[in-house]
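What follows is the content of protein.cif (mmCIF, C-alpha atoms).
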data_query
loop_
_atom_site.label_atom_id
_atom_site.label_comp_id
_atom_site.auth_asym_id
_atom_site.auth_seq_id
_atom_site.Cartn_x
_atom_site.Cartn_y
_atom_site.Cartn_z
CA MET A 64 38.48 -123.25 -56.29
CA LYS A 65 35.85 -120.73 -57.38
CA LYS A 66 36.72 -117.22 -56.16
CA ILE A 67 33.89 -114.87 -55.18
CA ALA A 68 34.15 -111.15 -54.48
CA ILE A 69 31.41 -109.42 -52.52
CA ILE A 70 31.37 -105.64 -52.31
CA GLY A 71 29.66 -104.50 -49.12
CA GLY A 72 29.59 -105.97 -45.63
CA GLY A 73 26.03 -105.14 -44.71
CA ALA A 74 23.11 -107.51 -44.23
CA SER A 75 22.91 -108.86 -47.78
CA GLY A 76 26.68 -108.98 -48.32
CA LEU A 77 27.33 -110.89 -45.12
CA LEU A 78 24.60 -113.44 -45.69
CA CYS A 79 25.64 -114.00 -49.29
CA ALA A 80 29.23 -114.51 -48.11
CA ILE A 81 28.07 -117.05 -45.51
CA PHE A 82 26.03 -119.11 -47.97
CA CYS A 83 28.90 -119.11 -50.48
CA ALA A 84 31.45 -120.09 -47.84
CA GLN A 85 29.20 -122.91 -46.63
CA LYS A 86 29.78 -124.48 -50.05
CA SER A 87 33.57 -124.16 -49.57
CA LEU A 88 34.05 -121.36 -52.08
CA HIS A 89 36.83 -118.81 -51.66
CA VAL A 90 35.07 -115.59 -50.58
CA ASP A 91 36.60 -112.14 -50.29
CA LEU A 92 34.26 -109.54 -48.79
CA PHE A 93 35.26 -105.91 -49.20
CA GLU A 94 33.87 -103.35 -46.74
CA GLN A 95 34.68 -99.64 -46.98
CA ASN A 96 34.04 -98.99 -43.28
CA SER A 97 36.27 -100.01 -40.39
CA LYS A 98 33.76 -102.73 -39.51
CA CYS A 99 30.86 -104.53 -41.13
CA ALA A 100 27.14 -104.29 -40.41
CA LYS A 101 26.98 -100.68 -39.25
CA LYS A 102 23.37 -100.28 -40.39
CA ILE A 103 22.38 -103.47 -38.61
CA LEU A 104 23.78 -102.05 -35.38
CA VAL A 105 21.58 -98.94 -35.49
CA SER A 106 18.45 -100.57 -36.90
CA GLY A 107 15.30 -100.68 -34.82
CA ASN A 108 16.80 -98.17 -32.37
CA GLY A 109 19.52 -100.68 -31.58
CA ARG A 110 17.11 -103.62 -31.35
CA CYS A 111 17.15 -104.70 -35.04
CA ASN A 112 13.76 -105.41 -36.56
CA ILE A 113 15.38 -108.31 -38.40
CA THR A 114 12.47 -109.47 -40.59
CA ASN A 115 8.71 -109.93 -40.66
CA ARG A 116 6.75 -113.15 -40.35
CA SER A 117 4.32 -112.05 -43.08
CA LEU A 118 6.01 -111.22 -46.37
CA HIS A 119 4.09 -110.31 -49.52
CA VAL A 120 4.89 -108.57 -52.79
CA GLU A 121 2.51 -105.77 -51.71
CA ASP A 122 4.88 -104.88 -48.86
CA PHE A 123 7.47 -103.59 -51.33
CA PHE A 124 7.78 -100.74 -53.82
CA GLY A 125 9.64 -100.31 -57.10
CA ASP A 126 9.05 -99.86 -60.82
CA ASN A 127 8.97 -103.63 -61.34
CA ILE A 128 7.89 -104.93 -57.96
CA SER A 129 6.88 -108.43 -59.11
CA PHE A 130 10.68 -108.90 -59.24
CA VAL A 131 10.70 -109.70 -55.49
CA LYS A 132 8.28 -112.64 -55.68
CA ASP A 133 10.71 -115.44 -56.51
CA ALA A 134 13.14 -114.47 -53.74
CA LEU A 135 10.41 -114.07 -51.11
CA ASP A 136 8.89 -117.41 -52.08
CA GLU A 137 12.17 -119.28 -52.06
CA PHE A 138 13.72 -117.72 -48.96
CA SER A 139 10.60 -117.24 -46.89
CA PHE A 140 10.36 -116.32 -43.23
CA LYS A 141 10.51 -120.02 -42.30
CA GLU A 142 13.75 -120.48 -44.23
CA PHE A 143 15.28 -117.43 -42.61
CA GLU A 144 14.17 -118.55 -39.15
CA LYS A 145 15.71 -121.96 -39.82
CA PHE A 146 19.02 -120.32 -40.72
CA CYS A 147 18.91 -118.13 -37.59
CA HIS A 148 18.30 -121.16 -35.38
CA SER A 149 21.25 -122.93 -37.02
CA ILE A 150 23.61 -120.23 -35.74
CA GLY A 151 21.91 -119.91 -32.35
CA LEU A 152 20.04 -116.70 -33.11
CA LEU A 153 16.55 -117.02 -31.65
CA LEU A 154 13.78 -114.66 -32.70
CA ASP A 155 11.17 -112.76 -30.74
CA ILE A 156 8.10 -112.67 -33.00
CA LYS A 157 5.60 -109.92 -32.20
CA ASP A 158 1.84 -110.20 -32.71
CA ASP A 159 1.97 -107.86 -35.72
CA GLY A 160 4.62 -109.99 -37.43
CA ARG A 161 7.69 -107.91 -36.66
CA CYS A 162 10.67 -109.99 -35.55
CA TYR A 163 13.58 -109.07 -33.31
CA PRO A 164 16.49 -111.07 -31.93
CA LEU A 165 15.48 -112.64 -28.63
CA SER A 166 18.36 -110.73 -27.03
CA ASN A 167 16.59 -107.52 -28.12
CA GLU A 168 19.99 -106.25 -29.22
CA ALA A 169 21.17 -105.51 -32.75
CA LYS A 170 24.74 -106.27 -31.71
CA SER A 171 23.76 -109.93 -31.33
CA VAL A 172 22.81 -110.07 -35.00
CA SER A 173 25.90 -108.29 -36.33
CA SER A 174 28.40 -110.17 -34.17
CA LEU A 175 26.90 -113.59 -34.94
CA LEU A 176 26.90 -112.96 -38.69
CA ILE A 177 30.45 -111.58 -38.72
CA ASN A 178 31.85 -114.29 -36.45
CA TYR A 179 30.12 -117.09 -38.34
CA ALA A 180 31.34 -115.75 -41.68
CA THR A 181 34.89 -115.54 -40.32
CA ARG A 182 34.77 -119.09 -38.95
CA LEU A 183 33.61 -120.34 -42.36
CA GLY A 184 36.73 -118.78 -43.88
CA VAL A 185 35.31 -115.60 -45.40
CA ASN A 186 38.14 -113.11 -45.85
CA ILE A 187 36.73 -109.81 -44.62
CA HIS A 188 38.71 -106.81 -45.85
CA VAL A 189 37.64 -103.71 -43.91
CA ASP A 190 38.67 -100.14 -44.74
CA THR A 191 38.74 -101.28 -48.36
CA LYS A 192 36.85 -99.23 -50.91
CA ILE A 193 36.49 -100.79 -54.35
CA THR A 194 36.84 -98.33 -57.21
CA ASP A 195 37.62 -100.55 -60.22
CA ILE A 196 34.72 -102.96 -60.66
CA LYS A 197 35.91 -104.24 -64.04
CA LYS A 198 39.28 -105.32 -62.64
CA LEU A 199 37.47 -107.16 -59.87
CA CYS A 200 35.36 -108.98 -62.46
CA ASP A 201 38.57 -110.01 -64.24
CA ASP A 202 40.13 -111.33 -61.02
CA TYR A 203 37.14 -113.31 -59.67
CA HIS A 204 34.76 -115.93 -61.03
CA SER A 205 31.75 -114.01 -59.67
CA VAL A 206 31.27 -110.52 -58.24
CA VAL A 207 28.35 -109.52 -56.01
CA ILE A 208 27.41 -105.86 -55.61
CA ALA A 209 25.85 -105.50 -52.15
CA THR A 210 26.77 -101.89 -51.56
CA GLY A 211 23.41 -100.68 -50.27
CA SER A 212 22.01 -97.27 -51.10
CA GLU A 213 22.55 -93.60 -50.36
CA ALA A 214 20.54 -93.84 -47.14
CA ALA A 215 22.40 -93.18 -43.88
CA SER A 216 25.42 -91.57 -45.53
CA HIS A 217 27.05 -91.09 -42.11
CA LEU A 218 27.23 -94.90 -41.93
CA GLY A 219 28.72 -95.19 -45.40
CA GLY A 220 25.64 -95.02 -47.63
CA ASN A 221 26.58 -93.97 -51.15
CA ARG A 222 25.93 -94.42 -54.90
CA ASP A 223 28.88 -96.73 -55.57
CA GLY A 224 26.71 -99.69 -56.54
CA LEU A 225 24.76 -97.62 -59.04
CA GLU A 226 27.98 -96.37 -60.62
CA PHE A 227 29.28 -99.94 -60.85
CA ALA A 228 26.05 -100.96 -62.61
CA LEU A 229 26.33 -98.08 -65.07
CA ASN A 230 29.82 -99.29 -65.99
CA PHE A 231 28.24 -102.42 -67.43
CA GLY A 232 25.46 -100.66 -69.32
CA HIS A 233 22.75 -100.99 -66.70
CA THR A 234 20.19 -98.25 -66.22
CA THR A 235 19.07 -96.98 -62.84
CA VAL A 236 15.77 -95.76 -61.42
CA PRO A 237 16.04 -92.32 -59.73
CA THR A 238 16.69 -92.73 -56.01
CA TYR A 239 14.84 -91.11 -53.12
CA PRO A 240 14.87 -91.28 -49.30
CA SER A 241 12.33 -93.58 -47.64
CA LEU A 242 11.40 -94.24 -44.01
CA VAL A 243 12.36 -90.63 -43.48
CA GLN A 244 11.12 -87.53 -41.66
CA PHE A 245 9.54 -84.40 -43.21
CA HIS A 246 10.42 -80.72 -43.30
CA LEU A 247 7.26 -78.64 -43.01
CA ASN A 248 6.46 -75.21 -44.37
CA SER A 249 5.22 -73.99 -40.99
CA ASN A 250 6.01 -71.24 -38.51
CA ILE A 251 4.40 -73.27 -35.74
CA ALA A 252 5.67 -76.87 -35.97
CA HIS A 253 9.10 -76.08 -34.51
CA LYS A 254 7.47 -74.48 -31.45
CA MET A 255 6.05 -77.92 -30.60
CA SER A 256 9.43 -79.62 -30.93
CA GLY A 257 9.87 -82.63 -28.69
CA VAL A 258 6.18 -83.40 -28.29
CA LYS A 259 5.04 -86.87 -29.32
CA LEU A 260 1.50 -88.20 -29.47
CA ALA A 261 -0.40 -91.16 -30.87
CA GLY A 262 -2.22 -89.78 -33.89
CA GLU A 263 -3.26 -90.44 -37.44
CA VAL A 264 -1.63 -88.90 -40.49
CA THR A 265 -3.16 -88.63 -43.95
CA LEU A 266 -0.95 -87.95 -46.95
CA LEU A 267 -2.42 -85.67 -49.61
CA VAL A 268 -0.85 -85.41 -53.06
CA ASN A 269 -2.11 -82.51 -55.17
CA ASN A 270 -4.91 -82.12 -52.61
CA LYS A 271 -6.09 -85.71 -53.08
CA LYS A 272 -6.00 -88.27 -50.29
CA ASP A 273 -3.26 -90.81 -50.93
CA SER A 274 -2.88 -92.88 -47.77
CA THR A 275 -3.50 -92.83 -44.02
CA CYS A 276 -1.42 -94.27 -41.19
CA ARG A 277 -1.82 -94.39 -37.43
CA GLY A 278 1.10 -94.21 -35.06
CA ASP A 279 3.42 -91.90 -33.19
CA VAL A 280 3.74 -88.34 -34.45
CA LEU A 281 6.74 -86.42 -33.17
CA PHE A 282 7.15 -82.70 -33.81
CA THR A 283 10.75 -81.56 -34.26
CA ASN A 284 12.69 -78.37 -34.82
CA TYR A 285 12.67 -79.02 -38.59
CA GLY A 286 9.20 -80.49 -38.97
CA VAL A 287 7.76 -83.85 -38.03
CA SER A 288 8.87 -87.43 -37.41
CA GLY A 289 7.44 -90.56 -35.79
CA PHE A 290 6.28 -93.96 -37.04
CA ALA A 291 3.16 -92.59 -38.74
CA ILE A 292 5.34 -90.22 -40.75
CA LEU A 293 7.86 -92.91 -41.68
CA ASP A 294 5.03 -95.15 -42.85
CA ILE A 295 3.80 -92.64 -45.42
CA SER A 296 7.23 -91.30 -46.36
CA GLN A 297 7.79 -93.58 -49.36
CA ARG A 298 4.70 -92.26 -51.13
CA ALA A 299 5.47 -88.69 -50.10
CA SER A 300 9.09 -88.88 -51.23
CA VAL A 301 8.10 -90.13 -54.67
CA ALA A 302 5.48 -87.35 -54.98
CA LEU A 303 8.04 -84.69 -54.01
CA MET A 304 10.49 -86.09 -56.53
CA GLU A 305 7.78 -85.67 -59.17
CA TYR A 306 7.23 -82.05 -58.08
CA SER A 307 3.71 -82.71 -56.82
CA LYS A 308 2.12 -80.67 -54.06
CA VAL A 309 2.44 -82.67 -50.85
CA ASP A 310 0.56 -82.04 -47.62
CA ILE A 311 -0.18 -83.99 -44.49
CA SER A 312 -3.31 -83.85 -42.36
CA VAL A 313 -2.64 -84.66 -38.71
CA ASN A 314 -5.48 -86.05 -36.62
CA LEU A 315 -4.48 -85.40 -33.02
CA LEU A 316 -7.34 -87.46 -31.56
CA PRO A 317 -8.27 -90.30 -33.94
CA GLU A 318 -10.66 -91.84 -31.42
CA PHE A 319 -12.92 -88.76 -31.64
CA ASN A 320 -15.19 -87.51 -34.39
CA ALA A 321 -15.87 -83.80 -34.92
CA LYS A 322 -19.24 -83.77 -33.14
CA LYS A 323 -18.01 -85.70 -30.10
CA LEU A 324 -15.01 -83.41 -29.77
CA SER A 325 -16.87 -80.12 -30.23
CA ASP A 326 -19.56 -81.30 -27.78
CA HIS A 327 -16.83 -82.06 -25.24
CA ILE A 328 -15.33 -78.59 -25.63
CA THR A 329 -18.69 -76.82 -25.19
CA LYS A 330 -19.62 -79.05 -22.26
CA VAL A 331 -16.41 -78.33 -20.33
CA ALA A 332 -16.77 -74.63 -21.16
CA SER A 333 -20.28 -74.61 -19.66
CA LEU A 334 -19.22 -76.50 -16.53
CA GLN A 335 -15.95 -74.70 -15.80
CA LYS A 336 -16.65 -70.99 -16.06
CA GLU A 337 -13.20 -70.01 -14.79
CA PHE A 338 -11.36 -72.03 -17.48
CA THR A 339 -9.73 -70.64 -20.63
CA ILE A 340 -9.69 -72.39 -23.98
CA LEU A 341 -6.08 -73.39 -23.26
CA ASP A 342 -7.20 -75.13 -20.06
CA ILE A 343 -9.79 -77.11 -21.99
CA LEU A 344 -7.36 -78.17 -24.71
CA ALA A 345 -4.72 -79.07 -22.13
CA GLY A 346 -7.07 -81.81 -21.00
CA LEU A 347 -6.95 -83.30 -24.48
CA VAL A 348 -3.49 -82.75 -25.94
CA PRO A 349 -0.01 -81.71 -24.68
CA VAL A 350 0.19 -78.02 -23.76
CA LYS A 351 2.73 -77.23 -26.50
CA ILE A 352 0.31 -78.70 -29.05
CA ALA A 353 -2.56 -76.68 -27.58
CA HIS A 354 -0.53 -73.47 -27.87
CA GLY A 355 0.41 -74.25 -31.47
CA LEU A 356 -3.14 -75.12 -32.43
CA LEU A 357 -4.55 -71.88 -31.01
CA GLU A 358 -1.80 -69.82 -32.64
CA ASP A 359 -2.58 -71.40 -36.01
CA LEU A 360 -6.28 -70.63 -35.51
CA LYS A 361 -5.38 -67.08 -34.41
CA LEU A 362 -7.21 -67.56 -31.11
CA SER A 363 -5.89 -66.19 -27.84
CA HIS A 364 -4.99 -68.92 -25.35
CA SER A 365 -6.67 -66.78 -22.68
CA THR A 366 -10.05 -66.86 -24.44
CA CYS A 367 -12.67 -67.22 -21.69
CA THR A 368 -15.22 -70.02 -21.66
CA GLU A 369 -18.07 -67.55 -21.99
CA ASP A 370 -16.70 -66.66 -25.44
CA ILE A 371 -16.55 -70.28 -26.56
CA GLY A 372 -19.69 -70.91 -28.57
CA THR A 373 -20.69 -73.80 -30.78
CA LYS A 374 -19.10 -72.23 -33.85
CA MET A 375 -15.71 -71.80 -32.15
CA ALA A 376 -15.87 -75.30 -30.66
CA LYS A 377 -16.52 -76.80 -34.10
CA LYS A 378 -13.69 -74.78 -35.62
CA ILE A 379 -11.25 -76.01 -32.97
CA ALA A 380 -12.48 -79.61 -33.23
CA ASN A 381 -12.11 -79.65 -37.00
CA GLN A 382 -8.58 -78.32 -36.73
CA MET A 383 -7.63 -80.92 -34.14
CA LEU A 384 -8.88 -83.72 -36.38
CA ASN A 385 -7.56 -82.29 -39.64
CA TRP A 386 -4.53 -80.09 -39.01
CA ARG A 387 -2.99 -79.44 -42.40
CA PHE A 388 0.74 -78.89 -43.00
CA GLU A 389 2.61 -78.45 -46.26
CA VAL A 390 5.58 -80.79 -46.74
CA GLN A 391 8.54 -78.91 -48.21
CA GLU A 392 10.97 -81.81 -48.48
CA THR A 393 12.14 -84.93 -46.70
CA HIS A 394 14.88 -84.87 -44.09
CA GLY A 395 17.22 -86.29 -46.73
CA PHE A 396 19.24 -89.41 -47.43
CA ARG A 397 21.43 -88.95 -44.37
CA HIS A 398 18.48 -89.41 -42.03
CA ALA A 399 16.60 -91.98 -44.13
CA GLU A 400 16.59 -95.59 -42.96
CA VAL A 401 16.47 -96.86 -46.54
CA ALA A 402 16.21 -95.55 -50.08
CA GLY A 403 13.97 -96.32 -53.04
CA GLY A 404 15.11 -96.49 -56.62
CA GLY A 405 18.34 -98.15 -57.69
CA VAL A 406 19.49 -100.64 -60.30
CA ASN A 407 16.71 -101.31 -62.81
CA THR A 408 15.37 -104.76 -61.92
CA THR A 409 14.18 -105.47 -65.48
CA GLU A 410 17.89 -105.92 -66.23
CA VAL A 411 18.45 -108.51 -63.47
CA ASN A 412 17.33 -112.13 -63.37
CA PRO A 413 14.81 -112.43 -60.48
CA LYS A 414 15.62 -116.12 -59.98
CA THR A 415 19.37 -115.62 -59.64
CA MET A 416 20.02 -111.88 -59.07
CA GLN A 417 22.54 -112.09 -61.92
CA SER A 418 22.95 -109.21 -64.33
CA LEU A 419 21.37 -109.71 -67.72
CA LYS A 420 24.10 -107.52 -69.19
CA GLN A 421 27.23 -109.05 -67.65
CA ASP A 422 27.87 -112.70 -66.88
CA ASN A 423 28.78 -113.53 -63.27
CA LEU A 424 27.87 -110.08 -61.98
CA TYR A 425 25.22 -110.14 -59.27
CA PHE A 426 23.23 -107.61 -57.24
CA CYS A 427 21.52 -108.04 -53.90
CA GLY A 428 19.93 -105.91 -51.23
CA GLU A 429 19.14 -102.23 -51.31
CA VAL A 430 21.23 -101.39 -54.37
CA LEU A 431 18.33 -102.75 -56.45
CA ASP A 432 15.14 -100.81 -57.15
CA VAL A 433 13.31 -102.44 -54.25
CA VAL A 434 12.27 -100.76 -51.00
CA GLY A 435 10.00 -102.16 -48.31
CA ARG A 436 7.59 -100.87 -45.74
CA ARG A 437 8.66 -100.30 -42.16
CA GLY A 438 8.55 -103.43 -40.03
CA GLY A 439 11.48 -105.64 -41.04
CA TYR A 440 10.64 -105.81 -44.75
CA ASN A 441 13.84 -104.20 -45.97
CA PHE A 442 16.00 -106.66 -44.05
CA ALA A 443 13.80 -109.48 -45.37
CA TRP A 444 14.63 -108.37 -48.91
CA CYS A 445 18.34 -108.24 -48.10
CA TRP A 446 18.28 -111.81 -46.76
CA ALA A 447 16.16 -113.21 -49.60
CA SER A 448 18.10 -111.57 -52.44
CA ALA A 449 21.41 -112.63 -50.85
CA TYR A 450 20.19 -116.22 -50.74
CA MET A 451 19.21 -116.14 -54.43
CA CYS A 452 22.65 -114.77 -55.34
CA ALA A 453 24.51 -117.41 -53.38
CA LYS A 454 22.30 -120.24 -54.60
CA ASP A 455 23.13 -119.44 -58.23
CA ILE A 456 26.82 -118.85 -57.61
CA THR A 457 27.21 -122.15 -55.75
CA LYS A 458 25.01 -124.33 -57.96
CA ALA A 459 27.99 -125.71 -59.88
#

Rendering of file as structure tokens:
Amino acid sequence: MKKIAIIGGGASGLLCAIFCAQKSLHVDLFEQNSKCAKKILVSGNGRCNITNRSLHVEDFFGDNISFVKDALDEFSFKEFEKFCHSIGLLLDIKDDGRCYPLSNEAKSVSSLLINYATRLGVNIHVDTKITDIKKLCDDYHSVVIATGSEAASHLGGNRDGLEFALNFGHTTVPTYPSLVQFHLNSNIAHKMSGVKLAGEVTLLVNNKKDSTCRGDVLFTNYGVSGFAILDISQRASVALMEYSKVDISVNLLPEFNAKKLSDHITKVASLQKEFTILDILAGLVPVKIAHGLLEDLKLSHSTCTEDIGTKMAKKIANQMLNWRFEVQETHGFRHAEVAGGGVNTTEVNPKTMQSLKQDNLYFCGEVLDVVGRRGGYNFAWCWASAYMCAKDITKA
């Protein structure tokens, strides 16, 4: 009987193990943690954004991103949904394409995958850290490296897979945190900690507009978080790694333009003579934000309405729609949901996920130089690459 070793009990490792075991192969899965699927359990704030209905090459990043096409085509959303239904895992598909388990609980996903793998006969070895990859290759017909990345180090994220690849002459693309928060060079941001609003964030690299995203913006004691920040973090992280100047422009009120907003400020000032500028801004944004904005503009929050002229109103409006902050660094691998970079995909067969440098050595999931956008894309890559691995291993 063909013996398969899989290093890593996350999303891609578990699914690869399942598909191999379905073909009656002997599968040993080695997981360094005390239990498998730890990242699945915390994904989507415990809800698990398991995949996305709409998958395209453009949803992914890497030095050789056409690499993902074969896997996405062969193990599409429909194929994944079919597999989920076969194990009783129904999906809740949102209008924007994001998919969650119908239970709305990540634990449903992890427990079903682990239990199904176990029932198929997969030997899951927890608390087992592999250190000698070459010995494993000698002992098994095929070895799959599904170790993930350095992201979420508190859940076991590390560079083991990259080191294993280097042992066989592979090269790696420098890694970086993605879907991650920012540290800001600001004396004001931390004073607004805990405040969240629906805004628009523009990423500027070397003072040139790079990308814009709408979504939640959450100020923190170290800088800024929220979905809009996570959505631009891949581009920002790469720019920081290249030592570029990185800034963000926060639009607090994306439904307004500068004229409409300045006209509103002057109108309220003319109608409410007893108001201060803080009172006017408090009707537009959270009070903490209003305080921070005025401090940054060096305006007293007690400025009377009679002192608010057209020039001041325009100045405030422009700041509210284009509040610039310098990004010092990301919040790091520990807090990142995923990581970019990894094993160089030009050295891996995109149709099989097999190494082009070592027979019967395979890679799948986040260890490869593939990272997706937020919205279930990274899980989609884990599932698709795992399928391609298993398909090639079991073809004989």

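As for atom CA of Ile70 of chain A and atom CA of Leu92 of chain A, they are spaced 6.0 Å apart.
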
For the PyMOL selection byres ((chain A and resi 355-363) around 8), applied here, can you spell out every residue it catches as a CSV table (one decimal) with C-alpha atoms, in the frame of the given file?
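Once everything was written out, this is expr.csv:
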chain,number,residue,atom,x,y,z
A,251,ILE,CA,4.4,-73.3,-35.7
A,252,ALA,CA,5.7,-76.9,-36.0
A,254,LYS,CA,7.5,-74.5,-31.4
A,255,MET,CA,6.0,-77.9,-30.6
A,351,LYS,CA,2.7,-77.2,-26.5
A,352,ILE,CA,0.3,-78.7,-29.0
A,353,ALA,CA,-2.6,-76.7,-27.6
A,354,HIS,CA,-0.5,-73.5,-27.9
A,364,HIS,CA,-5.0,-68.9,-25.4
A,365,SER,CA,-6.7,-66.8,-22.7
A,366,THR,CA,-10.0,-66.9,-24.4
A,379,ILE,CA,-11.2,-76.0,-33.0
A,382,GLN,CA,-8.6,-78.3,-36.7
A,383,MET,CA,-7.6,-80.9,-34.1

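Here atom CA of Ala134 of chain A stands at a distance of 16.9 Å from atom CA of Leu419 of chain A.
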
* **Output check: residues returned by the PyMOL selection byres ((chain A and resi 212) around 9), as a list in words** => Thr210, Gly211, Glu213, Ala214, Ala215, Ser216, Gly220, Asn221, Arg222, Asp223, Gly224, Leu225, Thr238, Val401, Ala402, Gly403, Gly404, Gly405, Gly428, Glu429, Val430 and Leu431 of chain A

* Asked: Which is closest to Glu142 of chain A among A:Arg116, A:Gly71, A:Val207, A:Lys336, if we use all atoms listed in the file?
  -> A:Arg116

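Around the coordinate (22.2, -117.1, -30.4), residues that reach within 7 Å when counting only C-alpha atoms are Ile150, Gly151, Leu152 and Leu153 of chain A.
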
Just so the selection is clear, what residues does the PyMOL selection byres ((chain A and resi 174) around 12) cover here, as a PDB file with C-alpha atoms, in the frame of the given file?
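The resulting file, part-v9.pdb, is shown below:
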ATOM      1  CA  GLY A  73      26.030-105.140 -44.710  1.00  0.00           C
ATOM      2  CA  ALA A  74      23.110-107.510 -44.230  1.00  0.00           C
ATOM      3  CA  LEU A  77      27.330-110.890 -45.120  1.00  0.00           C
ATOM      4  CA  LYS A  98      33.760-102.730 -39.510  1.00  0.00           C
ATOM      5  CA  CYS A  99      30.860-104.530 -41.130  1.00  0.00           C
ATOM      6  CA  ALA A 100      27.140-104.290 -40.410  1.00  0.00           C
ATOM      7  CA  LYS A 101      26.980-100.680 -39.250  1.00  0.00           C
ATOM      8  CA  ILE A 103      22.380-103.470 -38.610  1.00  0.00           C
ATOM      9  CA  LEU A 104      23.780-102.050 -35.380  1.00  0.00           C
ATOM     10  CA  ILE A 150      23.610-120.230 -35.740  1.00  0.00           C
ATOM     11  CA  GLY A 151      21.910-119.910 -32.350  1.00  0.00           C
ATOM     12  CA  LEU A 152      20.040-116.700 -33.110  1.00  0.00           C
ATOM     13  CA  GLU A 168      19.990-106.250 -29.220  1.00  0.00           C
ATOM     14  CA  ALA A 169      21.170-105.510 -32.750  1.00  0.00           C
ATOM     15  CA  LYS A 170      24.740-106.270 -31.710  1.00  0.00           C
ATOM     16  CA  SER A 171      23.760-109.930 -31.330  1.00  0.00           C
ATOM     17  CA  VAL A 172      22.810-110.070 -35.000  1.00  0.00           C
ATOM     18  CA  SER A 173      25.900-108.290 -36.330  1.00  0.00           C
ATOM     19  CA  LEU A 175      26.900-113.590 -34.940  1.00  0.00           C
ATOM     20  CA  LEU A 176      26.900-112.960 -38.690  1.00  0.00           C
ATOM     21  CA  ILE A 177      30.450-111.580 -38.720  1.00  0.00           C
ATOM     22  CA  ASN A 178      31.850-114.290 -36.450  1.00  0.00           C
ATOM     23  CA  TYR A 179      30.120-117.090 -38.340  1.00  0.00           C
ATOM     24  CA  ALA A 180      31.340-115.750 -41.680  1.00  0.00           C
ATOM     25  CA  THR A 181      34.890-115.540 -40.320  1.00  0.00           C
ATOM     26  CA  ARG A 182      34.770-119.090 -38.950  1.00  0.00           C
TER      27      ARG A 182
END

Just want the 10 Å neighbourhood of Tyr285 of chain A, counted on all atoms listed in the file, with same-chain residues fewer than 6 positions away dropped. Output as a CSV table (one decimal) with C-alpha atoms, in the frame of the given file.
chain,number,residue,atom,x,y,z
A,244,GLN,CA,11.1,-87.5,-41.7
A,245,PHE,CA,9.5,-84.4,-43.2
A,246,HIS,CA,10.4,-80.7,-43.3
A,247,LEU,CA,7.3,-78.6,-43.0
A,248,ASN,CA,6.5,-75.2,-44.4
A,249,SER,CA,5.2,-74.0,-41.0
A,252,ALA,CA,5.7,-76.9,-36.0
A,253,HIS,CA,9.1,-76.1,-34.5
A,254,LYS,CA,7.5,-74.5,-31.4
A,256,SER,CA,9.4,-79.6,-30.9
A,394,HIS,CA,14.9,-84.9,-44.1

* Asked: Skipping near chain neighbours, those fewer than 2 positions away, what residues fall within 12 Å of Phe130 of chain A using only C-alpha atoms, listed as JSON, numbers by chain?
  -> {"A": [119, 120, 121, 123, 124, 125, 126, 127, 128, 132, 133, 134, 135, 136, 407, 408, 409, 410, 411, 412, 413, 414, 415, 416, 431, 432, 433, 434, 444, 447, 448]}

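Counting all atoms listed in the file and comparing A:Ala302, A:Gln421, A:Val185, A:Leu118, the residue that lies closest to Ser87 of chain A is A:Val185.
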
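Near Val280 of chain A, within a cut-off of 10 Å and counting all atoms listed in the file, sit the residues A:Val258, A:Lys259, A:Leu260, A:Ala261, A:Gly262, A:Glu263, A:Val264, A:Val287, A:Ser288, A:Gly289, A:Phe290, A:Ala291, A:Ile292, A:Leu293, A:Val313, A:Asn314, A:Leu315, with same-chain residues fewer than 6 positions away left out.
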
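Here the question is which of A:Cys367, A:Cys147, A:Leu324, A:Ile340 gets nearest to Asn381 of chain A using only C-alpha atoms, and that residue is A:Leu324.
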
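For the residues A:Ala321, A:Leu347, A:Thr235, A:Leu267, ranking by smallest atom-to-atom distance to Leu303 of chain A using only C-alpha atoms places A:Leu267 first.
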
* Just the residues within 6 Å of Pro164 of chain A, please, counting only C-alpha atoms, with nothing from its chain fewer than 2 positions along; format it as a PyMOL selection string. => chain A and resi 153-155+166-167

When you write segment 139-144 of chain A out from the block above, keep N, CA and C atoms and present the result as a PDB file, in the first residue's frame, please.
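Everything below was put into part11.pdb:
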ATOM      1  N   SER A 139     -13.035  24.039  -8.554  1.00  0.00           N
ATOM      2  CA  SER A 139     -13.785  25.292  -8.507  1.00  0.00           C
ATOM      3  C   SER A 139     -14.691  25.336  -7.288  1.00  0.00           C
ATOM      4  N   PHE A 140     -15.413  26.443  -7.165  1.00  0.00           N
ATOM      5  CA  PHE A 140     -16.363  26.554  -6.055  1.00  0.00           C
ATOM      6  C   PHE A 140     -17.388  25.421  -6.094  1.00  0.00           C
ATOM      7  N   LYS A 141     -17.869  25.078  -7.290  1.00  0.00           N
ATOM      8  CA  LYS A 141     -18.878  24.022  -7.401  1.00  0.00           C
ATOM      9  C   LYS A 141     -18.349  22.687  -6.910  1.00  0.00           C
ATOM     10  N   GLU A 142     -17.084  22.395  -7.230  1.00  0.00           N
ATOM     11  CA  GLU A 142     -16.486  21.145  -6.770  1.00  0.00           C
ATOM     12  C   GLU A 142     -16.340  21.129  -5.253  1.00  0.00           C
ATOM     13  N   PHE A 143     -15.932  22.273  -4.707  1.00  0.00           N
ATOM     14  CA  PHE A 143     -15.791  22.343  -3.254  1.00  0.00           C
ATOM     15  C   PHE A 143     -17.146  22.220  -2.571  1.00  0.00           C
ATOM     16  N   GLU A 144     -18.145  22.900  -3.113  1.00  0.00           N
ATOM     17  CA  GLU A 144     -19.497  22.811  -2.543  1.00  0.00           C
ATOM     18  C   GLU A 144     -20.005  21.369  -2.589  1.00  0.00           C
TER      19      GLU A 144
END
